[in-house]
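Note sheet for the following structure.
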Amino acid sequence: MQRRVFLKNSLKTVGVGAAAGATVPFIATASAQETITWDMVTSWPKNFPALGTGANDFAARIERMSGGRMKIRVHGAGELVPAMEVFDAVGEGTAELGHSASYYWRGKTLAAQFFTAVPFGMTTTETNAWLYHGGGQELWDEEYAKHNLKPFPVGNTGTQMAGWFKKEIASLADMQGLKLRLPGLAGEAMNRIGVTTVNTPGSEIFTSLQTGVLDAADWVGPYNDLAFGLHQVAPYYYTSAWNEPSAVLEGMVNLDAWNALPDDLKAVVSEAAMASNLAMISEFAVRNAEALETLVDEHGVQLRTFPEEVLVALHDAARQVLAEQVEKDEASRRVYDSYTAFQQKVRRFTDVGEFAYLKTREKVGA
């Protein structure tokens, strides 16, 4: 049963320091003896590898770093609210905290999509630099405040795969009429080249592929895709990571609940978010490598890359989608201008630094 919490004036039950069953106002002068209990709703199956466990990690860090003053009850998708209703649930106060991906909310705010992934956009390192040092977080705060939310980056999958396909893609013609699960700006670009895209919740992807509702599906990468068993229903795994070169997972706090926290607990939540962000990036790096080995060596998955004509068409379509969105939506324009300016700023060193090293490593066989 959903609960609607009017957080500005609500009463919170506290633990140590209060009589059993007593309530006290949840105010910024909360003492160190009081326990603040929040609910976190997520877009992931309960305890799902990396995504669901990343939400658990965020909650555990908040409790540990606060010395037990804050406790977070984590709810998987569908337990308190459906996967695609996290944004509204947190903004309205059904829960104080959420864990999801911002591009799911394009119907609420178009600009949100830029805070998860941009086709042919920045790498994970570049994206974090933009959020932490390039003004990205401030723009995100500004946009989400309109919906009574305070956002944080709380995880990143790193470079994602382009998805699972039931048939091999040999030409642009092979893409025509396909039904593909792909959210965000990349999904809109796919629509422009003749693909029909849908935003299916992760838990429904396997069945949708199995029954023919979908012909292909993007999810995350080897670690999460293996957990869902997607290799059992689609043999071709595309590595052309044009769609999500970086994919930020978000933590969002109800803005009234955030404003009511004392400064030291705000710092706890902020630092826990940053630590969980790094922890997920590191976990995906090793787990994706292990899972890819399992998929290819044990299950015979066939790795593929899109033909050049498909990638060129997707690049052109993505540019059209972005140009049209920033033309009609002022918030999107401001965010995208910041994003692209920062990408150009950091790309020069990325090209002569990490990218140059990776090419050198491949050349010498290291």
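Just remember, in the structure tokens the first chain shown is A, the second B, etc., residues are 1-based per chain, and ligands are 1-based in the order shown.
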
Subject >> Residue set, range 18-237 of chain A restricted to helix (DSSP H, G or I), as a PyMOL selection string >> reply: chain A and resi 51-65+83-92+102-105+110-115+124-133+136-145+172-175+184-192+202-211+222-228+230-232

So that each row is one residue of range 217-336 of chain A with an atom at most 7 Å from range 58-67 of chain A, can you give its shortest atom pair and the distance in Å to one decimal, using only C-alpha atoms, rows by chain and rising number, as CSV?
residue,atom,partner,partner_atom,distance
A:Leu265,CA,A:Ser66,CA,6.8
A:Val268,CA,A:Met65,CA,6.2
A:Val269,CA,A:Ile62,CA,5.9
A:Ala272,CA,A:Arg61,CA,5.6
A:Ala273,CA,A:Phe58,CA,6.3
A:Ser276,CA,A:Phe58,CA,5.6

**OP:** Point out the residue among A:Val233, A:Thr159, A:Glu142, A:Lys363 with the least atom-to-atom distance to Thr211 in chain A, counting only C-alpha atoms.
**Re:**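 Smallest separation from Thr211 in chain A among the options: A:Val233.
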
Original post:
Which parts of range 146-351 of chain A does DSSP call strand (DSSP E or B) when run on the backbone here, written out as a VMD selection string?
Top reply: chain A and resid 149 to 156 163 to 165 179 to 181 196 to 198 216 to 217 236 to 238 248 to 254 302 to 304

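The gap separating CA of Tyr223 in chain A from CA of Gln302 in chain A is 16.0 Å, in Å to one decimal.
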
Original post:
Excluding same-chain residues fewer than 3 positions from Glu96 in chain A, what lies within 7 Å of it counting only C-alpha atoms, as a count of residues only?
Top reply: 8

Original post:
In Å, with one decimal, what is the gap from CA of Met190 in chain A to CA of Met175 in chain A?
Top reply: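 CA of Met175 in chain A lies 9.0 Å from CA of Met190 in chain A.
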